[in-house]
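**Q** For reference, the file work-v3.csv (CSV, C-alpha atoms) is included below:
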```csv
chain,number,residue,atom,x,y,z
A,24,MET,CA,2.4,29.7,-35.2
A,25,GLN,CA,1.6,33.3,-36.0
A,26,ARG,CA,-1.9,32.4,-37.2
A,27,ILE,CA,-2.5,30.5,-34.0
A,28,GLU,CA,-1.0,33.1,-31.7
A,29,GLY,CA,-2.6,36.1,-33.2
A,30,PRO,CA,-6.2,37.3,-33.7
A,31,GLN,CA,-8.1,35.2,-36.1
A,32,VAL,CA,-8.9,36.3,-39.7
A,33,PRO,CA,-11.8,36.5,-40.5
A,34,ASP,CA,-13.0,37.7,-37.1
A,35,ARG,CA,-16.2,35.8,-36.5
A,36,GLN,CA,-16.4,37.3,-33.0
A,37,GLY,CA,-16.3,35.2,-29.9
A,38,LEU,CA,-12.6,34.6,-29.1
A,39,ASP,CA,-11.4,35.3,-32.7
A,40,GLY,CA,-10.3,38.9,-31.9
A,41,LEU,CA,-8.0,37.8,-29.1
A,42,THR,CA,-4.4,36.8,-29.2
A,43,LEU,CA,-3.5,33.5,-27.7
A,44,GLN,CA,-2.1,35.2,-24.6
A,45,GLU,CA,-5.4,37.1,-24.2
A,46,VAL,CA,-7.3,33.8,-24.5
A,47,MET,CA,-5.2,32.4,-21.7
A,48,LYS,CA,-5.8,35.5,-19.6
A,49,GLN,CA,-9.6,35.4,-20.2
A,50,PHE,CA,-9.7,31.8,-18.9
A,51,HIS,CA,-7.2,32.4,-16.1
A,52,THR,CA,-4.8,29.8,-17.4
A,53,PRO,CA,-1.2,30.7,-16.3
A,54,GLY,CA,0.7,28.2,-18.6
A,55,LEU,CA,0.3,26.5,-21.9
A,56,SER,CA,2.4,24.1,-23.8
A,57,ILE,CA,1.7,22.8,-27.4
A,58,ALA,CA,3.2,20.3,-29.8
A,59,VAL,CA,1.8,20.1,-33.3
A,60,ILE,CA,2.1,16.9,-35.4
A,61,ARG,CA,2.3,17.1,-39.2
A,62,ASP,CA,3.3,14.4,-41.7
A,63,PHE,CA,3.9,11.9,-38.9
A,64,LYS,CA,6.5,14.1,-37.1
A,65,THR,CA,6.4,16.9,-34.6
A,66,GLN,CA,6.5,20.1,-36.7
A,67,TRP,CA,6.8,22.6,-33.8
A,68,ALA,CA,6.5,22.9,-30.1
A,69,ASN,CA,6.3,26.0,-27.9
A,70,GLY,CA,5.5,27.1,-24.3
A,71,TYR,CA,3.5,30.1,-23.3
A,72,GLY,CA,2.9,31.9,-20.0
A,73,VAL,CA,4.3,30.8,-16.6
A,74,ALA,CA,4.7,27.4,-14.9
A,75,ASP,CA,4.2,29.0,-11.5
A,76,VAL,CA,2.5,32.3,-10.9
A,77,LYS,CA,4.3,32.8,-7.6
A,78,THR,CA,7.8,32.9,-9.2
A,79,GLY,CA,6.9,33.8,-12.7
A,80,ARG,CA,9.0,30.9,-14.0
A,81,PRO,CA,8.2,30.6,-17.7
A,82,VAL,CA,6.8,27.5,-19.5
A,83,GLU,CA,9.5,26.0,-21.6
A,84,VAL,CA,9.2,23.2,-24.1
A,85,ASN,CA,10.6,20.8,-21.6
A,86,THR,CA,8.4,21.9,-18.7
A,87,LEU,CA,6.7,18.9,-17.2
A,88,PHE,CA,2.9,18.8,-16.8
A,89,GLN,CA,0.6,16.2,-15.3
A,90,ALA,CA,-0.9,14.1,-18.2
A,91,ALA,CA,-3.8,13.1,-15.9
A,92,SER,CA,-6.0,10.6,-17.8
A,93,ILE,CA,-3.8,10.6,-20.8
A,94,SER,CA,-1.8,8.2,-18.6
A,95,LYS,CA,-4.4,5.6,-19.5
A,96,PRO,CA,-3.7,5.1,-23.3
A,97,VAL,CA,0.1,5.1,-22.6
A,98,THR,CA,-0.5,2.3,-20.1
A,99,ALA,CA,-2.6,0.5,-22.7
A,100,MET,CA,0.3,0.6,-25.1
A,101,ALA,CA,2.5,-1.1,-22.5
A,102,ALA,CA,-0.1,-3.8,-22.0
A,103,LEU,CA,-0.3,-4.3,-25.8
A,104,ARG,CA,3.5,-4.8,-26.0
A,105,LEU,CA,3.0,-7.8,-23.6
A,106,VAL,CA,0.1,-9.0,-25.8
A,107,GLN,CA,2.5,-9.0,-28.7
A,108,GLU,CA,4.9,-11.1,-26.8
A,109,GLY,CA,2.2,-13.6,-26.0
A,110,ARG,CA,2.2,-12.9,-22.2
A,111,PHE,CA,-1.6,-12.7,-22.3
A,112,SER,CA,-4.6,-11.9,-24.5
A,113,LEU,CA,-6.8,-8.8,-24.4
A,114,ASP,CA,-9.7,-11.2,-23.9
A,115,ASP,CA,-8.3,-13.2,-21.1
A,116,ASP,CA,-10.0,-13.1,-17.7
A,117,VAL,CA,-8.1,-10.4,-15.9
A,118,ASN,CA,-8.1,-12.5,-12.7
A,119,THR,CA,-5.7,-14.9,-14.4
A,120,LEU,CA,-3.1,-12.0,-14.4
A,121,LEU,CA,-3.8,-10.9,-10.8
A,122,THR,CA,-2.2,-12.4,-7.7
A,123,THR,CA,-2.3,-9.6,-5.1
A,124,TRP,CA,-6.0,-8.6,-5.7
A,125,HIS,CA,-8.9,-10.1,-7.6
A,126,VAL,CA,-12.1,-8.9,-9.2
A,127,PRO,CA,-14.7,-10.2,-6.8
A,128,GLU,CA,-17.0,-13.0,-7.9
A,129,SER,CA,-20.5,-11.9,-8.7
A,130,GLU,CA,-23.5,-12.6,-10.8
A,131,PHE,CA,-22.2,-10.1,-13.4
A,132,ARG,CA,-19.1,-12.2,-14.1
A,133,ARG,CA,-21.1,-15.3,-15.0
A,134,GLU,CA,-22.0,-13.9,-18.5
A,135,GLN,CA,-18.6,-12.6,-19.4
A,136,ALA,CA,-15.3,-12.3,-17.5
A,137,VAL,CA,-13.7,-8.9,-16.9
A,138,THR,CA,-10.9,-8.6,-19.5
A,139,PRO,CA,-8.1,-6.2,-20.3
A,140,ARG,CA,-10.0,-5.1,-23.3
A,141,SER,CA,-13.1,-4.3,-21.3
A,142,VAL,CA,-11.1,-2.5,-18.6
A,143,PHE,CA,-9.2,-0.3,-21.1
A,144,SER,CA,-12.4,0.5,-23.1
A,145,HIS,CA,-14.4,1.4,-19.9
A,146,THR,CA,-16.9,-1.4,-20.5
A,147,SER,CA,-15.9,-3.8,-17.7
A,148,GLY,CA,-18.9,-3.0,-15.6
A,149,ALA,CA,-16.9,-1.1,-13.0
A,150,ASP,CA,-19.2,1.6,-11.7
A,151,ASP,CA,-16.9,4.0,-9.9
A,152,GLY,CA,-16.8,6.8,-12.5
A,153,PHE,CA,-13.4,7.9,-11.2
A,154,GLY,CA,-11.5,10.6,-11.6
A,155,PHE,CA,-9.1,10.6,-8.7
A,156,PRO,CA,-8.6,13.7,-6.5
A,157,GLY,CA,-4.9,12.8,-5.6
A,158,TYR,CA,-3.1,13.4,-2.4
A,159,ALA,CA,-1.2,16.3,-0.9
A,160,PRO,CA,2.5,16.0,-1.1
A,161,GLY,CA,3.8,14.3,2.1
A,162,ALA,CA,0.5,12.6,2.8
A,163,SER,CA,0.3,8.9,3.5
A,164,LEU,CA,-0.4,7.1,0.2
A,165,PRO,CA,-2.6,4.1,-0.1
A,166,THR,CA,-1.6,1.0,-2.0
A,167,PRO,CA,-3.5,0.1,-5.2
A,168,ALA,CA,-5.3,-2.6,-3.3
A,169,GLN,CA,-6.4,-0.2,-0.6
A,170,ILE,CA,-7.7,2.1,-3.3
A,171,LEU,CA,-9.6,-0.7,-5.0
A,172,ASN,CA,-11.1,-1.8,-1.7
A,173,GLY,CA,-11.9,1.8,-0.5
A,174,GLN,CA,-9.7,1.3,2.6
A,175,PRO,CA,-7.9,4.1,4.5
A,176,PRO,CA,-5.9,6.1,3.6
A,177,SER,CA,-7.7,5.9,0.3
A,178,ASN,CA,-9.8,9.0,-0.4
A,179,VAL,CA,-12.2,7.3,-2.8
A,180,LYS,CA,-14.8,4.6,-2.5
A,181,ALA,CA,-14.3,1.0,-3.4
A,182,VAL,CA,-14.4,-0.1,-7.1
A,183,LEU,CA,-17.6,-2.0,-7.5
A,184,PHE,CA,-19.1,-3.8,-10.5
A,185,ALA,CA,-22.7,-3.0,-11.3
A,186,ARG,CA,-23.3,-4.8,-14.7
A,187,PRO,CA,-21.8,-7.5,-16.9
A,188,PRO,CA,-18.9,-6.5,-19.1
A,189,TYR,CA,-19.7,-4.9,-22.5
A,190,ARG,CA,-23.3,-4.1,-21.4
A,191,ALA,CA,-22.6,-0.4,-21.2
A,192,CYS,CA,-19.7,2.1,-21.2
A,193,LYS,CA,-19.0,4.0,-18.0
A,194,TYR,CA,-15.7,5.8,-17.6
A,195,SER,CA,-13.7,4.1,-14.9
A,196,GLY,CA,-10.3,5.1,-13.6
A,197,GLY,CA,-10.7,2.4,-11.0
A,198,GLY,CA,-10.9,-0.2,-13.8
A,199,VAL,CA,-7.5,1.0,-15.2
A,200,LEU,CA,-6.1,0.8,-11.7
A,201,ILE,CA,-6.9,-2.9,-11.8
A,202,MET,CA,-4.6,-3.2,-14.9
A,203,GLN,CA,-1.9,-1.4,-13.0
A,204,VAL,CA,-2.1,-4.1,-10.4
A,205,ALA,CA,-2.3,-6.8,-13.0
A,206,LEU,CA,0.8,-5.6,-14.9
A,207,THR,CA,2.8,-5.2,-11.7
A,208,ASP,CA,1.8,-8.7,-10.6
A,209,LEU,CA,2.7,-10.2,-13.9
A,210,MET,CA,6.0,-8.4,-14.4
A,211,GLY,CA,7.2,-8.4,-10.7
A,212,GLU,CA,8.6,-4.9,-10.9
A,213,ALA,CA,7.6,-1.4,-9.9
A,214,PHE,CA,5.0,0.1,-12.2
A,215,ASP,CA,7.1,3.2,-13.1
A,216,ARG,CA,10.1,1.1,-14.0
A,217,PHE,CA,7.9,-1.2,-16.1
A,218,MET,CA,6.5,1.8,-18.0
A,219,GLU,CA,9.9,3.3,-18.5
A,220,ASN,CA,11.3,0.1,-20.0
A,221,THR,CA,8.3,-0.8,-22.1
A,222,VAL,CA,7.1,2.5,-23.6
A,223,LEU,CA,8.9,5.6,-22.4
A,224,LYS,CA,12.5,4.6,-23.3
A,225,PRO,CA,11.7,2.8,-26.6
A,226,LEU,CA,9.8,5.8,-27.9
A,227,GLY,CA,12.4,8.4,-26.7
A,228,MET,CA,10.1,9.9,-24.2
A,229,SER,CA,13.0,11.1,-22.1
A,230,GLU,CA,11.1,13.9,-20.4
A,231,SER,CA,8.4,11.5,-19.0
A,232,THR,CA,8.0,9.5,-15.8
A,233,TYR,CA,5.3,7.6,-13.9
A,234,ARG,CA,7.2,8.0,-10.6
A,235,GLN,CA,4.9,9.2,-7.8
A,236,PRO,CA,5.8,11.3,-5.9
A,237,LEU,CA,7.7,13.3,-8.5
A,238,PRO,CA,11.5,13.1,-7.8
A,239,GLU,CA,13.1,16.2,-6.5
A,240,SER,CA,15.5,16.2,-9.4
A,241,LEU,CA,12.5,16.8,-11.8
A,242,ALA,CA,10.4,19.0,-9.5
A,243,GLN,CA,12.2,22.2,-10.5
A,244,ARG,CA,11.1,21.7,-14.1
A,245,ALA,CA,7.4,20.9,-13.3
A,246,ALA,CA,4.5,23.2,-13.8
A,247,HIS,CA,2.4,24.0,-10.7
A,248,ALA,CA,-1.3,23.6,-10.3
A,249,HIS,CA,-3.7,26.6,-10.4
A,250,ASP,CA,-7.4,27.1,-9.8
A,251,GLY,CA,-10.1,28.4,-12.1
A,252,ASP,CA,-9.1,32.0,-11.2
A,253,GLY,CA,-5.5,31.4,-12.1
A,254,HIS,CA,-4.3,31.4,-8.4
A,255,ALA,CA,-1.7,29.0,-7.1
A,256,LEU,CA,-3.3,26.2,-5.2
A,257,ASP,CA,-2.2,25.3,-1.7
A,258,ALA,CA,0.3,22.7,-2.9
A,259,PRO,CA,2.4,22.7,-6.1
A,260,TRP,CA,0.5,19.6,-7.3
A,261,HIS,CA,-1.2,16.5,-6.0
A,262,VAL,CA,0.4,13.0,-5.9
A,263,TYR,CA,-1.3,10.1,-7.7
A,264,PRO,CA,-0.5,6.5,-6.6
A,265,GLU,CA,-3.1,5.6,-9.3
A,266,GLN,CA,-0.2,5.8,-11.7
A,267,ALA,CA,-1.7,3.9,-14.7
A,268,ALA,CA,-4.8,6.0,-14.6
A,269,ALA,CA,-3.5,9.5,-13.7
A,270,GLY,CA,0.2,9.4,-12.7
A,271,LEU,CA,2.2,10.3,-15.8
A,272,TRP,CA,4.4,13.5,-15.8
A,273,THR,CA,5.3,14.5,-19.3
A,274,THR,CA,5.5,17.1,-22.0
A,275,PRO,CA,3.5,17.7,-25.2
A,276,THR,CA,6.6,16.8,-27.3
A,277,ASP,CA,6.9,13.4,-25.6
A,278,LEU,CA,3.1,12.7,-25.9
A,279,ALA,CA,3.4,13.7,-29.6
A,280,ARG,CA,6.1,10.9,-29.9
A,281,PHE,CA,3.6,8.5,-28.4
A,282,ALA,CA,0.8,9.6,-30.8
A,283,ILE,CA,3.1,9.4,-33.8
A,284,GLU,CA,4.0,5.8,-32.8
A,285,VAL,CA,0.4,4.9,-33.0
A,286,GLN,CA,-0.1,6.6,-36.3
A,287,ARG,CA,3.0,5.1,-37.9
A,288,ALA,CA,2.2,1.6,-36.6
A,289,ILE,CA,-1.4,1.9,-37.9
A,290,HIS,CA,0.0,3.0,-41.3
A,291,GLY,CA,2.0,-0.3,-41.3
A,292,PRO,CA,3.8,-2.5,-41.3
A,293,ALA,CA,5.0,-1.6,-37.8
A,294,GLY,CA,6.2,1.2,-35.5
A,295,THR,CA,9.0,1.2,-33.0
A,296,ALA,CA,7.0,-0.5,-30.2
A,297,LEU,CA,3.9,-1.8,-31.8
A,298,LYS,CA,3.1,-4.0,-34.8
A,299,GLU,CA,0.3,-2.8,-37.1
A,300,ALA,CA,-2.3,-5.3,-35.9
A,301,THR,CA,-1.6,-4.5,-32.3
A,302,ALA,CA,-1.7,-0.8,-32.9
A,303,ARG,CA,-5.1,-1.2,-34.5
A,304,GLU,CA,-6.5,-2.4,-31.2
A,305,MET,CA,-6.0,1.1,-29.9
A,306,ILE,CA,-8.3,2.5,-32.5
A,307,ALA,CA,-10.9,-0.3,-32.7
A,308,PRO,CA,-13.8,0.4,-30.4
A,309,ALA,CA,-14.8,-2.5,-28.2
A,310,GLY,CA,-18.3,-2.6,-29.6
A,311,THR,CA,-20.0,-0.7,-26.7
A,312,GLY,CA,-19.3,3.0,-26.3
A,313,PRO,CA,-16.6,5.1,-28.0
A,314,PHE,CA,-13.5,3.7,-26.5
A,315,ALA,CA,-11.0,1.3,-28.0
A,316,VAL,CA,-8.0,-0.2,-26.0
A,317,GLY,CA,-7.0,3.1,-24.5
A,318,PHE,CA,-8.3,5.8,-26.8
A,319,GLU,CA,-11.6,7.4,-27.5
A,320,ILE,CA,-12.5,7.2,-31.2
A,321,SER,CA,-14.6,9.8,-32.9
A,322,LYS,CA,-15.6,11.2,-36.3
A,323,ASN,CA,-15.3,14.9,-36.7
A,324,GLY,CA,-16.3,16.3,-40.0
A,325,GLU,CA,-15.0,13.9,-42.5
A,326,GLY,CA,-12.1,12.7,-40.3
A,327,TRP,CA,-11.7,9.9,-37.8
A,328,TYR,CA,-9.5,10.7,-34.7
A,329,PHE,CA,-8.1,9.0,-31.7
A,330,SER,CA,-8.0,11.2,-28.6
A,331,HIS,CA,-7.9,11.4,-24.8
A,332,SER,CA,-8.4,14.3,-22.4
A,333,GLY,CA,-7.0,14.7,-19.0
A,334,GLY,CA,-7.9,16.6,-15.9
A,335,ASN,CA,-6.0,16.4,-12.6
A,336,TRP,CA,-6.1,18.9,-9.7
A,337,GLY,CA,-5.0,22.2,-11.3
A,338,PHE,CA,-4.1,20.6,-14.7
A,339,ARG,CA,-6.0,20.1,-18.0
A,340,CYS,CA,-4.7,18.5,-21.2
A,341,HIS,CA,-5.7,16.9,-24.5
A,342,LEU,CA,-4.2,14.7,-27.2
A,343,LEU,CA,-5.9,14.6,-30.6
A,344,ALA,CA,-4.6,12.8,-33.7
A,345,HIS,CA,-5.9,11.7,-37.1
A,346,VAL,CA,-6.2,8.0,-37.6
A,347,ARG,CA,-4.8,8.1,-41.2
A,348,LYS,CA,-3.4,11.4,-42.2
A,349,GLY,CA,-0.4,11.8,-39.8
A,350,TYR,CA,-1.4,15.1,-38.1
A,351,GLY,CA,-2.5,16.0,-34.6
A,352,VAL,CA,-1.8,18.1,-31.6
A,353,VAL,CA,-1.0,17.8,-27.9
A,354,ILE,CA,-1.9,20.6,-25.5
A,355,MET,CA,-1.2,20.8,-21.8
A,356,THR,CA,-2.1,23.5,-19.3
A,357,ASN,CA,-1.7,24.2,-15.6
A,358,GLY,CA,-5.1,25.8,-14.7
A,359,ASP,CA,-8.5,24.4,-13.9
A,360,LEU,CA,-10.1,26.3,-16.8
A,361,GLY,CA,-7.4,25.2,-19.2
A,362,GLY,CA,-10.0,23.1,-21.1
A,363,ARG,CA,-11.5,26.3,-22.6
A,364,VAL,CA,-8.1,27.4,-23.8
A,365,ILE,CA,-7.4,23.9,-25.3
A,366,GLU,CA,-10.7,24.0,-27.3
A,367,GLU,CA,-9.7,27.4,-28.8
A,368,VAL,CA,-6.2,26.4,-29.6
A,369,GLU,CA,-7.3,23.2,-31.3
A,370,ALA,CA,-9.8,25.1,-33.4
A,371,ARG,CA,-7.1,27.5,-34.5
A,372,ILE,CA,-4.7,24.8,-35.4
A,373,ALA,CA,-7.4,22.9,-37.4
A,374,ALA,CA,-8.1,26.1,-39.3
A,375,ALA,CA,-4.4,27.0,-39.9
A,376,TYR,CA,-3.5,23.5,-41.2
A,377,ASN,CA,-6.8,23.0,-43.1
A,378,TRP,CA,-7.7,19.9,-41.1
A,379,ASP,CA,-10.8,18.1,-42.3
A,380,SER,CA,-12.7,19.0,-39.1
A,381,LEU,CA,-13.1,22.3,-37.2
A,382,ASP,CA,-15.3,20.7,-34.5
A,383,LYS,CA,-14.3,21.3,-30.9
A,384,PRO,CA,-13.8,18.4,-28.5
A,385,VAL,CA,-16.0,17.7,-25.5
A,386,PHE,CA,-14.0,17.6,-22.3
A,387,ARG,CA,-14.7,15.3,-19.4
```
Represent the structure contained in this file as structure tokens.
**A**
Amino acid sequence: MQRIEGPQVPDRQGLDGLTLQEVMKQFHTPGLSIAVIRDFKTQWANGYGVADVKTGRPVEVNTLFQAASISKPVTAMAALRLVQEGRFSLDDDVNTLLTTWHVPESEFRREQAVTPRSVFSHTSGADDGFGFPGYAPGASLPTPAQILNGQPPSNVKAVLFARPPYRACKYSGGGVLIMQVALTDLMGEAFDRFMENTVLKPLGMSESTYRQPLPESLAQRAAHAHDGDGHALDAPWHVYPEQAAAGLWTTPTDLARFAIEVQRAIHGPAGTALKEATAREMIAPAGTGPFAVGFEISKNGEGWYFSHSGGNWGFRCHLLAHVRKGYGVVIMTNGDLGGRVIEEVEARIAAAYNWDSLDKPVFR
């Protein structure tokens, strides 16, 4: 922790001469929370700075942050648990799971159906490129179907399909929203309860919820959103009815539990929630683009990693874990420039722990 928090030795200029708090100040990031994974367990976790610049409330280990797009691989794990149970296959036509909305018929579906695998790997042909801006607290929230159709009060355009599945990879939050509808239709229960029962509770992620809006009982422990200058935004956070794609509130410690579950299950013969073969779907790219079922897979230096970044209104975060060696890190921030801090922290952790890569991630 001291090596990560202090100036770097040797000092190769850049940000090396700065303490961690000075790095946060340089990039106007009020709060930072970190959990470091080593030997398939969380070795340490710590919070830095403030959760809210208006009150000066400090970031604690249990301070909740918006996971933004890291919500997607957690949703993918829930879907894979149903695959294990034989409820459906990753290569089924997703329309066979949907009852309240359907992927529209088009020339692009004649070659290959839209499948859960293609949706989670961003190869379904959905052309939205979302990102969701979220909604102000108290605003009227659209249903998932209204979002998919681009109908008021949705603040985004309709999810349209522009190519056959597996033809190309284009990041699609709208595609993952389709799986939210499919899982809700299939299980007949609210999405947040389904996620709690399927992933959050089994993995001991007791500080996590997909509930949107965030319940008042948890709001007092939540970090607030800040802009690129470190100023409080005009609301403490935005609300995301696109729960599967962007709606998870959590902590780095809980997300570390999630990453460790994947690592242990891959190591075999099984984890707590996933069998080895099922977990390997989360690190096996679909064949087009860098995404597997939920995670982005990349080779850095001599190591292979699974990862996912996240960026909601006023929040930035990243999860990075080694496929084989049982180490990794989760970092969450409450500022629009938090990605720059995350890059520096990851580089410092990689150096301090002698990871087999010192490369910095590319943030979306």
**Q** With all atoms listed in the file as the basis for distance, which of A:Ala99, A:Val126, A:Ala344, A:Cys192 is at the shortest distance from A:Phe143?
**A** A:Ala99
**Q** Write out as number ranges by chain each polymer residue whose atoms come within 9 Å of A:Gly251, counting only C-alpha atoms; drop sequence neighbours fewer than 4 positions from it.
**A** A: 50-52, 337, 358-361
**Q** Would you mind reading off the distance between atom CA of A:Leu171 and atom CA of A:Gly270, one decimal, in Å?
**A**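 Interatomic distance here is 16.0 Å.
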**Q** Identify which of the residues A:Arg347, A:Ala279, A:Pro292, A:Lys48 lies closest to A:Trp67, counting all atoms listed in the file when measuring atom-to-atom distances.
**A**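 Among A:Arg347, A:Ala279, A:Pro292, A:Lys48, it is A:Ala279 that comes nearest to A:Trp67.
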**Q** Rounded to one decimal place, report the atom CA of A:Asp215-atom CA of A:Arg110 distance in Å.
**A**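 A separation of 19.1 Å between them.
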**Q** Which neighbours of stretch 352-354 of chain A fall inside 10 Å, counting all atoms listed in the file, when residues of the same chain fewer than 5 positions from it are skipped, and could you give them as an NGL selection string?
**A** :A and (55-61 or 65-68 or 70 or 90 or 274-279 or 282 or 330-332 or 339-345 or 361-362 or 364-366 or 368-369 or 372-373)
**Q** For C-alpha atoms, I'd like the residues from the last selection saved as a JSON list (two decimals), in the coordinates of the input.
**A**
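Final file, out-v6.json:
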```json
[["chain", "number", "residue", "atom", "x", "y", "z"],
["A", 55, "LEU", "CA", 0.30, 26.50, -21.90],
["A", 56, "SER", "CA", 2.40, 24.10, -23.80],
["A", 57, "ILE", "CA", 1.70, 22.80, -27.40],
["A", 58, "ALA", "CA", 3.20, 20.30, -29.80],
["A", 59, "VAL", "CA", 1.80, 20.10, -33.30],
["A", 60, "ILE", "CA", 2.10, 16.90, -35.40],
["A", 61, "ARG", "CA", 2.30, 17.10, -39.20],
["A", 65, "THR", "CA", 6.40, 16.90, -34.60],
["A", 66, "GLN", "CA", 6.50, 20.10, -36.70],
["A", 67, "TRP", "CA", 6.80, 22.60, -33.80],
["A", 68, "ALA", "CA", 6.50, 22.90, -30.10],
["A", 70, "GLY", "CA", 5.50, 27.10, -24.30],
["A", 90, "ALA", "CA", -0.90, 14.10, -18.20],
["A", 274, "THR", "CA", 5.50, 17.10, -22.00],
["A", 275, "PRO", "CA", 3.50, 17.70, -25.20],
["A", 276, "THR", "CA", 6.60, 16.80, -27.30],
["A", 277, "ASP", "CA", 6.90, 13.40, -25.60],
["A", 278, "LEU", "CA", 3.10, 12.70, -25.90],
["A", 279, "ALA", "CA", 3.40, 13.70, -29.60],
["A", 282, "ALA", "CA", 0.80, 9.60, -30.80],
["A", 330, "SER", "CA", -8.00, 11.20, -28.60],
["A", 331, "HIS", "CA", -7.90, 11.40, -24.80],
["A", 332, "SER", "CA", -8.40, 14.30, -22.40],
["A", 339, "ARG", "CA", -6.00, 20.10, -18.00],
["A", 340, "CYS", "CA", -4.70, 18.50, -21.20],
["A", 341, "HIS", "CA", -5.70, 16.90, -24.50],
["A", 342, "LEU", "CA", -4.20, 14.70, -27.20],
["A", 343, "LEU", "CA", -5.90, 14.60, -30.60],
["A", 344, "ALA", "CA", -4.60, 12.80, -33.70],
["A", 345, "HIS", "CA", -5.90, 11.70, -37.10],
["A", 361, "GLY", "CA", -7.40, 25.20, -19.20],
["A", 362, "GLY", "CA", -10.00, 23.10, -21.10],
["A", 364, "VAL", "CA", -8.10, 27.40, -23.80],
["A", 365, "ILE", "CA", -7.40, 23.90, -25.30],
["A", 366, "GLU", "CA", -10.70, 24.00, -27.30],
["A", 368, "VAL", "CA", -6.20, 26.40, -29.60],
["A", 369, "GLU", "CA", -7.30, 23.20, -31.30],
["A", 372, "ILE", "CA", -4.70, 24.80, -35.40],
["A", 373, "ALA", "CA", -7.40, 22.90, -37.40]]
```
**Q** For A:Met202, work out the shell of residues within 10 Å, counting all atoms listed in the file and skipping chain neighbours fewer than 2 positions away, then give it as an NGL selection string.
**A** :A and (95 or 98-99 or 102 or 117 or 120-121 or 138-139 or 142-143 or 197-200 or 204-208 or 267-268)
**Q** Show which residues sit within 10 Å of A:Gln49, as an NGL selection string. Count all atoms listed in the file, and ignore same-chain residues fewer than 6 positions away.
**A** :A and (38 or 41 or 43 or 252-253 or 360 or 363-364)
**Q** Write out as an MDAnalysis selection string which residues come within 9 Å of A:Glu28 when counting only C-alpha atoms, dropping same-chain ones fewer than 2 positions away.
**A** chainID A and resid 24:26 30:31 41:44 368 371
**Q** Ranking A:Leu297, A:Met228, A:Ile306, A:Ala168 by minimum distance to A:Ile320 and counting all atoms listed in the file, which one comes first?
**A** A:Ile306
**Q** Hey, can you check how far atom CA of A:Gly79 sits from atom CA of A:Thr232?
**A**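 Distance between the two atoms: 24.5 Å.
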**Q** Counting all atoms listed in the file, which residues have an atom no more than 10 Å from (-10.9, 5.0, -1.7) in the file's coordinates? Please list them as number ranges by chain.
**A** A: 155, 165, 167-182, 197
**Q** Hey, can you pull every residue with an atom no more than 8 Å from (-0.8, 15.1, -6.2), using only C-alpha atoms, and send it as a list in words?
**A**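 Here is the list of nearby residues: Pro156, Gly157, Tyr158, Ala159, Pro160, Pro236, Trp260, His261, Val262, Tyr263 and Trp336 of chain A.
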**Q** Measuring between only C-alpha atoms, which one of A:Asn335, A:Gln107, A:Ser147, A:Thr221 shows the shortest distance to A:Ser195?
**A**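 Smallest distance to A:Ser195 is found for A:Ser147.
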**Q** Counting only C-alpha atoms, figure out which residue out of A:Gly161, A:Gly333, A:Gly227, A:Pro188 gets nearest to A:Arg133.
**A**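 Looking only at the distances to A:Arg133, the closest residue turns out to be A:Pro188.
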**Q** In terms of the shortest atom-to-atom distance over only C-alpha atoms, which of A:Phe63, A:Tyr376, A:Tyr71, A:Phe217 is closest to A:Met100?
**A**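 Ranked by minimum distance to A:Met100, first place goes to A:Phe217.
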